[in-house]
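K.L.:
coords.csv (CSV, C-alpha atoms) pasted underneath:
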chain,number,residue,atom,x,y,z
A,1,MET,CA,-11.8,16.0,14.2
A,2,LYS,CA,-8.5,14.6,15.4
A,3,VAL,CA,-6.7,11.9,13.3
A,4,ILE,CA,-4.3,9.7,15.3
A,5,LEU,CA,-1.9,7.3,13.7
A,6,TYR,CA,-1.5,4.4,16.1
A,7,MET,CA,1.0,1.6,15.3
A,8,ALA,CA,3.4,-0.9,16.9
A,9,ILE,CA,6.8,-1.2,15.3
A,10,THR,CA,10.1,-2.9,15.8
A,11,LEU,CA,12.9,-0.7,17.1
A,12,ASN,CA,13.9,-0.3,13.4
A,13,GLY,CA,10.5,0.9,12.2
A,14,LEU,CA,8.9,-2.3,10.7
A,15,ILE,CA,5.2,-3.0,11.3
A,16,ALA,CA,5.4,-6.7,10.2
A,17,LYS,CA,7.5,-9.2,8.4
A,18,PHE,CA,7.1,-9.6,4.6
A,19,ASP,CA,4.6,-12.5,5.2
A,20,ASP,CA,2.4,-10.1,7.2
A,21,SER,CA,3.3,-11.8,10.5
A,22,ALA,CA,4.0,-9.7,13.5
A,23,ASP,CA,4.9,-12.2,16.2
A,24,PHE,CA,6.7,-9.5,18.2
A,25,LEU,CA,3.4,-8.0,19.3
A,26,THR,CA,2.6,-8.5,23.0
A,27,LYS,CA,-0.7,-8.7,24.9
A,28,GLU,CA,0.0,-5.4,26.5
A,29,GLU,CA,0.4,-3.8,23.1
A,30,SER,CA,-2.8,-5.4,21.9
A,31,ALA,CA,-4.7,-4.2,25.0
A,32,SER,CA,-3.5,-0.7,24.5
A,33,TYR,CA,-4.5,-0.7,20.8
A,34,VAL,CA,-8.0,-2.1,21.6
A,35,SER,CA,-8.5,0.4,24.3
A,36,VAL,CA,-7.6,3.4,22.1
A,37,VAL,CA,-9.7,2.2,19.2
A,38,LYS,CA,-12.8,1.5,21.3
A,39,LYS,CA,-12.5,4.9,23.0
A,40,ALA,CA,-12.3,6.6,19.6
A,41,GLU,CA,-15.1,4.5,18.1
A,42,ALA,CA,-13.7,5.1,14.6
A,43,LEU,CA,-11.0,3.2,12.7
A,44,VAL,CA,-9.5,3.7,9.3
A,45,ILE,CA,-7.3,0.9,7.8
A,46,GLY,CA,-6.2,-0.4,4.4
A,47,LYS,CA,-7.8,-3.3,2.6
A,48,ARG,CA,-5.0,-5.7,3.4
A,49,THR,CA,-4.9,-4.7,7.1
A,50,TYR,CA,-8.7,-5.1,7.2
A,51,GLY,CA,-8.3,-8.7,5.9
A,52,ILE,CA,-5.6,-9.5,8.5
A,53,LEU,CA,-7.6,-7.8,11.4
A,54,SER,CA,-10.8,-9.7,10.4
A,55,GLN,CA,-9.0,-13.0,11.4
A,56,GLN,CA,-8.1,-11.7,14.9
A,57,PRO,CA,-10.0,-11.5,18.2
A,58,GLU,CA,-9.8,-7.6,18.2
A,59,PHE,CA,-12.1,-7.6,15.2
A,60,GLN,CA,-15.0,-9.1,17.2
A,61,GLU,CA,-14.3,-6.7,20.1
A,62,PHE,CA,-14.6,-3.7,17.7
A,63,LEU,CA,-17.8,-5.1,16.3
A,64,LYS,CA,-19.3,-5.5,19.8
A,65,ALA,CA,-18.2,-2.0,20.8
A,66,GLY,CA,-19.8,-0.5,17.7
A,67,VAL,CA,-16.5,0.9,16.3
A,68,LYS,CA,-17.1,2.5,12.9
A,69,VAL,CA,-14.6,0.8,10.5
A,70,ILE,CA,-13.6,2.3,7.2
A,71,ALA,CA,-11.4,0.2,4.8
A,72,VAL,CA,-9.6,2.3,2.2
A,73,SER,CA,-9.2,0.7,-1.2
A,74,HIS,CA,-9.1,1.8,-4.8
A,75,THR,CA,-11.7,-0.8,-5.6
A,76,ASP,CA,-14.8,-2.0,-3.8
A,77,PHE,CA,-14.6,-5.4,-2.1
A,78,GLU,CA,-16.8,-7.5,0.2
A,79,LEU,CA,-16.7,-6.4,3.8
A,80,LYS,CA,-17.2,-8.7,6.8
A,81,ASP,CA,-20.0,-6.6,8.4
A,82,PRO,CA,-22.8,-4.4,7.0
A,83,SER,CA,-21.8,-1.6,9.4
A,84,HIS,CA,-18.3,-1.3,7.7
A,85,GLN,CA,-17.7,0.9,4.7
A,86,VAL,CA,-15.2,1.2,1.9
A,87,ALA,CA,-13.6,4.6,1.1
A,88,HIS,CA,-11.6,5.2,-2.1
A,89,SER,CA,-9.2,7.7,-0.6
A,90,PRO,CA,-8.0,9.1,2.8
A,91,ALA,CA,-10.2,12.2,2.3
A,92,GLU,CA,-13.2,10.1,1.5
A,93,ALA,CA,-12.6,8.0,4.7
A,94,LEU,CA,-12.5,11.2,6.8
A,95,GLU,CA,-15.6,12.5,5.1
A,96,LEU,CA,-17.5,9.3,6.0
A,97,LEU,CA,-16.4,9.8,9.6
A,98,LYS,CA,-17.0,13.5,9.8
A,99,GLU,CA,-19.2,13.2,12.9
A,100,SER,CA,-16.4,11.4,14.8
A,101,PRO,CA,-14.3,13.6,17.2
A,102,THR,CA,-11.4,11.1,17.0
A,103,VAL,CA,-10.3,8.7,14.3
A,104,ILE,CA,-7.6,6.1,14.6
A,105,LEU,CA,-5.5,5.3,11.5
A,106,ALA,CA,-3.8,1.9,11.9
A,107,GLY,CA,-2.0,0.7,8.8
A,108,GLY,CA,-0.8,-0.6,6.5
A,109,GLY,CA,2.3,1.2,5.5
A,110,ILE,CA,0.9,2.5,2.2
A,111,LEU,CA,-2.2,4.0,3.8
A,112,ASN,CA,-0.1,5.5,6.6
A,113,ALA,CA,2.1,7.2,4.0
A,114,SER,CA,-0.9,8.5,2.1
A,115,PHE,CA,-2.3,10.2,5.2
A,116,LEU,CA,1.1,11.8,6.1
A,117,ALA,CA,1.8,12.9,2.6
A,118,GLU,CA,-1.6,14.6,2.5
A,119,ASN,CA,-1.0,16.1,5.9
A,120,LEU,CA,-4.1,14.6,7.4
A,121,VAL,CA,-2.5,13.3,10.7
A,122,ASP,CA,-2.7,15.3,14.0
A,123,GLU,CA,-1.0,12.9,16.4
A,124,ILE,CA,1.1,9.7,16.4
A,125,TYR,CA,1.3,7.0,19.0
A,126,ILE,CA,4.0,4.5,18.4
A,127,ASP,CA,4.6,1.4,20.6
A,128,ILE,CA,8.2,0.3,20.2
A,129,GLU,CA,8.4,-3.5,20.5
A,130,PRO,CA,11.7,-4.8,22.0
A,131,VAL,CA,13.0,-6.5,18.8
A,132,VAL,CA,15.1,-5.7,15.7
A,133,VAL,CA,14.1,-7.5,12.5
A,134,GLY,CA,16.2,-7.3,9.4
A,135,MET,CA,13.5,-7.1,6.7
A,136,GLY,CA,9.8,-6.4,6.5
A,137,ILE,CA,7.1,-3.9,5.9
A,138,GLN,CA,8.0,-0.3,6.9
A,139,LEU,CA,5.7,2.0,8.9
A,140,PHE,CA,5.5,4.2,5.7
A,141,THR,CA,5.7,2.8,2.2
A,142,GLY,CA,5.8,4.3,-1.2
A,143,LEU,CA,5.5,8.1,-0.7
A,144,ASP,CA,7.9,10.7,0.4
A,145,PHE,CA,7.2,13.5,2.9
A,146,ASP,CA,9.0,15.1,5.8
A,147,ARG,CA,7.1,16.2,8.9
A,148,LYS,CA,8.5,17.5,12.2
A,149,LEU,CA,7.0,16.2,15.4
A,150,LYS,CA,6.6,17.5,19.0
A,151,LEU,CA,7.0,14.9,21.7
A,152,LEU,CA,3.9,14.9,23.9
A,153,GLY,CA,4.9,12.1,26.2
A,154,THR,CA,6.3,8.6,26.8
A,155,LYS,CA,4.8,5.7,28.7
A,156,GLN,CA,6.2,2.2,29.6
A,157,LEU,CA,3.7,-0.4,28.4
A,158,SER,CA,5.5,-3.4,29.8
A,159,GLU,CA,9.0,-4.3,31.0
A,160,ASN,CA,10.6,-3.8,27.6
A,161,GLU,CA,8.0,-1.8,25.7
A,162,ILE,CA,7.9,2.0,25.3
A,163,GLN,CA,5.0,4.0,23.9
A,164,LEU,CA,5.9,7.4,22.3
A,165,HIS,CA,3.3,10.1,21.7
A,166,TYR,CA,3.8,13.0,19.3
A,167,GLU,CA,1.9,15.9,17.7
A,168,VAL,CA,2.6,16.4,14.0
A,169,GLN,CA,3.7,20.0,13.3
A,170,ARG,CA,1.5,21.2,10.4
B,1,MET,CA,34.8,-6.6,24.4
B,2,LYS,CA,31.4,-5.0,24.2
B,3,VAL,CA,30.0,-3.9,20.8
B,4,ILE,CA,27.5,-1.1,20.9
B,5,LEU,CA,25.4,0.0,17.9
B,6,TYR,CA,24.8,3.7,18.2
B,7,MET,CA,22.5,5.5,15.7
B,8,ALA,CA,20.1,8.3,15.4
B,9,ILE,CA,16.9,7.5,13.4
B,10,THR,CA,13.6,9.1,12.4
B,11,LEU,CA,10.6,7.8,14.3
B,12,ASN,CA,10.0,5.4,11.4
B,13,GLY,CA,13.5,3.9,11.4
B,14,LEU,CA,15.5,5.8,8.7
B,15,ILE,CA,19.1,6.9,9.3
B,16,ALA,CA,19.2,9.3,6.3
B,17,LYS,CA,17.4,10.3,3.2
B,18,PHE,CA,18.3,8.6,-0.1
B,19,ASP,CA,20.8,11.4,-0.9
B,20,ASP,CA,22.6,10.7,2.4
B,21,SER,CA,21.4,13.9,4.0
B,22,ALA,CA,20.2,13.8,7.6
B,23,ASP,CA,19.1,17.3,8.3
B,24,PHE,CA,16.9,16.1,11.2
B,25,LEU,CA,20.0,15.5,13.4
B,26,THR,CA,20.3,18.0,16.2
B,27,LYS,CA,23.3,19.4,18.1
B,28,GLU,CA,22.3,17.5,21.2
B,29,GLU,CA,22.3,14.2,19.2
B,30,SER,CA,25.7,15.0,17.7
B,31,ALA,CA,27.1,15.9,21.2
B,32,SER,CA,25.8,12.6,22.6
B,33,TYR,CA,27.3,10.6,19.7
B,34,VAL,CA,30.7,12.4,20.0
B,35,SER,CA,30.8,11.8,23.7
B,36,VAL,CA,30.0,8.1,23.4
B,37,VAL,CA,32.6,7.5,20.6
B,38,LYS,CA,35.4,9.4,22.4
B,39,LYS,CA,34.7,7.5,25.6
B,40,ALA,CA,34.9,4.1,23.7
B,41,GLU,CA,37.9,5.2,21.7
B,42,ALA,CA,37.0,2.7,18.9
B,43,LEU,CA,34.6,3.2,16.0
B,44,VAL,CA,33.6,0.8,13.2
B,45,ILE,CA,31.8,2.2,10.2
B,46,GLY,CA,31.2,1.3,6.5
B,47,LYS,CA,33.1,2.8,3.7
B,48,ARG,CA,30.3,5.2,2.6
B,49,THR,CA,29.7,6.4,6.2
B,50,TYR,CA,33.5,7.0,6.5
B,51,GLY,CA,33.3,9.2,3.5
B,52,ILE,CA,30.4,11.2,4.9
B,53,LEU,CA,31.9,11.5,8.4
B,54,SER,CA,35.3,12.7,7.0
B,55,GLN,CA,33.5,15.8,5.8
B,56,GLN,CA,32.1,16.6,9.2
B,57,PRO,CA,33.6,18.4,12.3
B,58,GLU,CA,33.2,15.2,14.4
B,59,PHE,CA,35.9,13.6,12.2
B,60,GLN,CA,38.6,16.0,13.5
B,61,GLU,CA,37.4,15.6,17.1
B,62,PHE,CA,37.8,11.9,16.8
B,63,LEU,CA,41.3,12.3,15.3
B,64,LYS,CA,42.4,14.7,18.1
B,65,ALA,CA,41.0,12.3,20.7
B,66,GLY,CA,42.9,9.3,19.2
B,67,VAL,CA,39.8,7.3,18.4
B,68,LYS,CA,40.7,4.1,16.5
B,69,VAL,CA,38.6,4.1,13.3
B,70,ILE,CA,38.0,1.0,11.3
B,71,ALA,CA,36.3,1.3,7.9
B,72,VAL,CA,34.7,-1.9,6.7
B,73,SER,CA,34.8,-2.5,2.9
B,74,HIS,CA,35.1,-5.4,0.6
B,75,THR,CA,38.0,-3.6,-1.2
B,76,ASP,CA,40.8,-1.5,0.0
B,77,PHE,CA,40.5,2.3,-0.4
B,78,GLU,CA,42.4,5.4,0.5
B,79,LEU,CA,41.9,6.5,4.1
B,80,LYS,CA,42.1,10.1,5.4
B,81,ASP,CA,44.6,9.4,8.2
B,82,PRO,CA,47.4,6.8,8.6
B,83,SER,CA,46.0,5.8,12.0
B,84,HIS,CA,42.8,4.5,10.4
B,85,GLN,CA,42.5,0.9,9.0
B,86,VAL,CA,40.3,-1.0,6.5
B,87,ALA,CA,38.7,-4.3,7.5
B,88,HIS,CA,37.1,-6.6,5.0
B,89,SER,CA,34.4,-8.0,7.3
B,90,PRO,CA,32.8,-7.4,10.7
B,91,ALA,CA,34.9,-10.1,12.3
B,92,GLU,CA,38.1,-8.7,10.9
B,93,ALA,CA,37.1,-5.2,12.2
B,94,LEU,CA,36.6,-6.7,15.7
B,95,GLU,CA,39.9,-8.6,15.4
B,96,LEU,CA,41.7,-5.3,14.7
B,97,LEU,CA,40.1,-3.8,17.8
B,98,LYS,CA,40.6,-6.8,20.1
B,99,GLU,CA,42.4,-4.7,22.7
B,100,SER,CA,39.4,-2.3,23.0
B,101,PRO,CA,37.0,-2.9,25.8
B,102,THR,CA,34.2,-1.1,24.0
B,103,VAL,CA,33.6,-0.6,20.3
B,104,ILE,CA,31.0,1.7,18.7
B,105,LEU,CA,29.3,0.5,15.5
B,106,ALA,CA,27.7,3.5,13.7
B,107,GLY,CA,26.4,2.7,10.2
B,108,GLY,CA,25.5,2.5,7.5
B,109,GLY,CA,22.5,0.3,7.2
B,110,ILE,CA,24.3,-2.5,5.4
B,111,LEU,CA,27.1,-2.8,8.0
B,112,ASN,CA,24.6,-2.6,10.8
B,113,ALA,CA,22.6,-5.5,9.3
B,114,SER,CA,25.8,-7.5,8.9
B,115,PHE,CA,26.7,-7.1,12.5
B,116,LEU,CA,23.2,-8.1,13.7
B,117,ALA,CA,22.9,-11.0,11.3
B,118,GLU,CA,26.3,-12.3,12.6
B,119,ASN,CA,25.1,-11.8,16.2
B,120,LEU,CA,28.0,-9.5,17.0
B,121,VAL,CA,26.1,-6.7,18.8
B,122,ASP,CA,25.8,-6.5,22.6
B,123,GLU,CA,23.9,-3.3,23.1
B,124,ILE,CA,22.0,-0.8,21.1
B,125,TYR,CA,21.6,3.0,21.7
B,126,ILE,CA,19.0,4.7,19.4
B,127,ASP,CA,18.3,8.4,19.4
B,128,ILE,CA,14.8,9.0,18.1
B,129,GLU,CA,14.7,12.3,16.2
B,130,PRO,CA,11.3,14.0,16.2
B,131,VAL,CA,10.5,13.6,12.5
B,132,VAL,CA,8.8,11.2,10.1
B,133,VAL,CA,10.3,10.9,6.6
B,134,GLY,CA,8.6,9.0,3.9
B,135,MET,CA,11.6,7.5,2.1
B,136,GLY,CA,15.2,6.9,2.9
B,137,ILE,CA,17.9,4.6,4.1
B,138,GLN,CA,16.8,2.1,6.8
B,139,LEU,CA,18.7,1.3,10.0
B,140,PHE,CA,19.2,-2.2,8.7
B,141,THR,CA,19.6,-2.9,5.0
B,142,GLY,CA,19.8,-6.1,3.0
B,143,LEU,CA,19.9,-8.9,5.5
B,144,ASP,CA,17.3,-10.7,7.5
B,145,PHE,CA,17.5,-11.5,11.2
B,146,ASP,CA,15.3,-11.4,14.3
B,147,ARG,CA,16.7,-10.5,17.7
B,148,LYS,CA,14.9,-9.8,20.9
B,149,LEU,CA,15.9,-6.8,23.0
B,150,LYS,CA,15.9,-6.0,26.7
B,151,LEU,CA,15.2,-2.4,27.5
B,152,LEU,CA,17.9,-1.0,29.8
B,153,GLY,CA,16.8,2.6,30.0
B,154,THR,CA,15.5,5.7,28.3
B,155,LYS,CA,16.8,9.3,28.4
B,156,GLN,CA,15.5,12.6,27.1
B,157,LEU,CA,18.2,14.2,25.0
B,158,SER,CA,16.4,17.4,24.3
B,159,GLU,CA,12.8,18.7,24.3
B,160,ASN,CA,11.6,16.4,21.6
B,161,GLU,CA,14.4,13.7,21.4
B,162,ILE,CA,14.4,10.4,23.2
B,163,GLN,CA,17.3,8.0,23.6
B,164,LEU,CA,16.5,4.3,24.0
B,165,HIS,CA,19.1,1.8,25.3
B,166,TYR,CA,18.7,-2.0,24.8
B,167,GLU,CA,20.7,-5.2,25.4
B,168,VAL,CA,20.6,-7.7,22.6
B,169,GLN,CA,19.4,-11.1,23.8
B,170,ARG,CA,21.9,-13.6,22.4
What does this structure look like when you write it as structure tokens?
P.N.:
Amino acid sequence: MKVILYMAITLNGLIAKFDDSADFLTKEESASYVSVVKKAEALVIGKRTYGILSQQPEFQEFLKAGVKVIAVSHTDFELKDPSHQVAHSPAEALELLKESPTVILAGGGILNASFLAENLVDEIYIDIEPVVVGMGIQLFTGLDFDRKLKLLGTKQLSENEIQLHYEVQR
Amino acid sequence: MKVILYMAITLNGLIAKFDDSADFLTKEESASYVSVVKKAEALVIGKRTYGILSQQPEFQEFLKAGVKVIAVSHTDFELKDPSHQVAHSPAEALELLKESPTVILAGGGILNASFLAENLVDEIYIDIEPVVVGMGIQLFTGLDFDRKLKLLGTKQLSENEIQLHYEVQR
């Protein structure tokens, strides 16, 4: 199984403002994210990200496409669809998806950091939005680690957006 | 006068670890930074960054090349060379360099944020080091702002390092 972290960030590494808004995301970025998740057919996100995603059109697209969605949370909570599952740790999330060849990890910052700290990520795709924002939620929150990356490629998503693709050196 | 922010960051937007170390910087990145600063002949940095830089070989190179160095600090402090000056604000730093066609702003996070919040930056060069680090000092610290960027170009500095170049939309 390959675990891929896929996130869009500001140039300075924020995934959202402190009120969870991310008005810097573009339709090209959203289209790229939806395409990657639908192709993988498996998505792991934190409880808060699950709540945010469930309000967005991408959520219905993933449901229609039969994407397996695992929400990671210390405690159980009510999911929006009977096909979705709660896992209580990164390892349990991957155990639930053990039949999936590719799994997309897509936030928030606390869950991203847990996966990196436990050395569970194989590749990283980062879409760099053309904006700098002073304060907000960082790509990784709350845990320390240090992982070297190998650059696999770059791609221009739109006039001002760059996508960077890395392999995590393990 | 053109003010250019030039920094190297981890993929997740950190300029150093919390102990000020930045062992992820490469010799290609250092060479690029030295070349840009020597060409501009004018450098603005915070007091703490000045202290760190003064311990490094780049400091002597800048002295030999006659680079004008302004350290920004609320209070006066002892500089390492009589040609260097203290400014008490971003605006005062630029006033001291008003004859310079190009000024490089190069950290730390608090000073970078002050310049962006006061809308004093024209262009940004960011070297993305191939590493993710859980915790450390962010590119911008302590002030909020939101600025759109226009992508001017990308350049591969070494096998795994990408440089991104933006214009700040003002």
K.L.:
Within 9 Å of chain B, which residues of chain A show up when using only C-alpha atoms, listed as a PyMOL selection string?
P.N.:
chain A and resi 9-14+24+113+116-117+126+129-136+138-152+159-162+166+168
K.L.:
Suppose you want the space between atom CA of A:Ala91 and atom CA of A:Glu41; what is it in Å?
P.N.:
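Separation of atom CA of A:Ala91 and atom CA of A:Glu41: 18.2 Å.
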K.L.:
What would the list of residues within 10 Å of (28.7, -10.0, 17.3) (file frame) look like as a PDB file with C-alpha atoms, in the frame of the given file, if all atoms listed in the file are what count?
P.N.:
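The resulting point_20.pdb:
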ATOM      1  CA  MET B   1      34.800  -6.600  24.400  1.00  0.00           C
ATOM      2  CA  LYS B   2      31.400  -5.000  24.200  1.00  0.00           C
ATOM      3  CA  VAL B   3      30.000  -3.900  20.800  1.00  0.00           C
ATOM      4  CA  ILE B   4      27.500  -1.100  20.900  1.00  0.00           C
ATOM      5  CA  PRO B  90      32.800  -7.400  10.700  1.00  0.00           C
ATOM      6  CA  ALA B  91      34.900 -10.100  12.300  1.00  0.00           C
ATOM      7  CA  LEU B  94      36.600  -6.700  15.700  1.00  0.00           C
ATOM      8  CA  SER B 114      25.800  -7.500   8.900  1.00  0.00           C
ATOM      9  CA  PHE B 115      26.700  -7.100  12.500  1.00  0.00           C
ATOM     10  CA  LEU B 116      23.200  -8.100  13.700  1.00  0.00           C
ATOM     11  CA  ALA B 117      22.900 -11.000  11.300  1.00  0.00           C
ATOM     12  CA  GLU B 118      26.300 -12.300  12.600  1.00  0.00           C
ATOM     13  CA  ASN B 119      25.100 -11.800  16.200  1.00  0.00           C
ATOM     14  CA  LEU B 120      28.000  -9.500  17.000  1.00  0.00           C
ATOM     15  CA  VAL B 121      26.100  -6.700  18.800  1.00  0.00           C
ATOM     16  CA  ASP B 122      25.800  -6.500  22.600  1.00  0.00           C
ATOM     17  CA  VAL B 168      20.600  -7.700  22.600  1.00  0.00           C
ATOM     18  CA  ARG B 170      21.900 -13.600  22.400  1.00  0.00           C
TER      19      ARG B 170
END
K.L.:
Mind giving me the straight-line distance from atom CA of B:Glu95 to atom CA of B:Lys47 in Å, one decimal?
P.N.:
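According to the coordinates, atom CA of B:Glu95 and atom CA of B:Lys47 are separated by 17.7 Å.
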K.L.:
Between atom CA of B:Gly51 and atom CA of B:Glu29, what is the spacing in Å?
P.N.:
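Atom-to-atom, atom CA of B:Glu29 and atom CA of B:Gly51 are spaced 19.8 Å apart.
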K.L.:
Select all residues near (30.7, 12.4, 7.3) (cut-off 12 Å, inclusive, file coordinates), counting only C-alpha atoms, and output them as a list in words.
P.N.:
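In the file's frame, the residues around the point are Ala16, Asp20, Ser21, Ala22, Ser30, Ile45, Gly46, Lys47, Arg48, Thr49, Tyr50, Gly51, Ile52, Leu53, Ser54, Gln55, Gln56, Pro57, Glu58, Phe59, Gln60, Phe62, Lys80, Ala106, Gly107 and Gly108 of chain B.
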K.L.:
Find the residue from B:Leu111, B:Ala42, B:Val37, B:Val103 that sits nearest to B:Val72; use all atoms listed in the file when measuring.
P.N.:
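The shortest atom-to-atom distance to B:Val72 comes from B:Leu111.
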K.L.:
With all atoms listed in the file as the basis for distance, which of A:His74, A:Lys38, A:Lys27, A:Lys155 is at the shortest distance from A:Val86?
P.N.:
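Among the listed residues, A:His74 lies closest to A:Val86.
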K.L.:
Can you work out which one of B:Asp81, B:Leu43, B:Ile104, B:His165 has the shortest atom-to-atom distance to B:Val69, counting all atoms listed in the file?
P.N.:
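Closest candidate: B:Leu43.
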K.L.:
Please provide as a ChimeraX atom specification all residues within 10 Å of A:His88, with the sequence filter that same-chain residues fewer than 6 positions apart are discarded (counting all atoms listed in the file).
P.N.:
/A:70-76
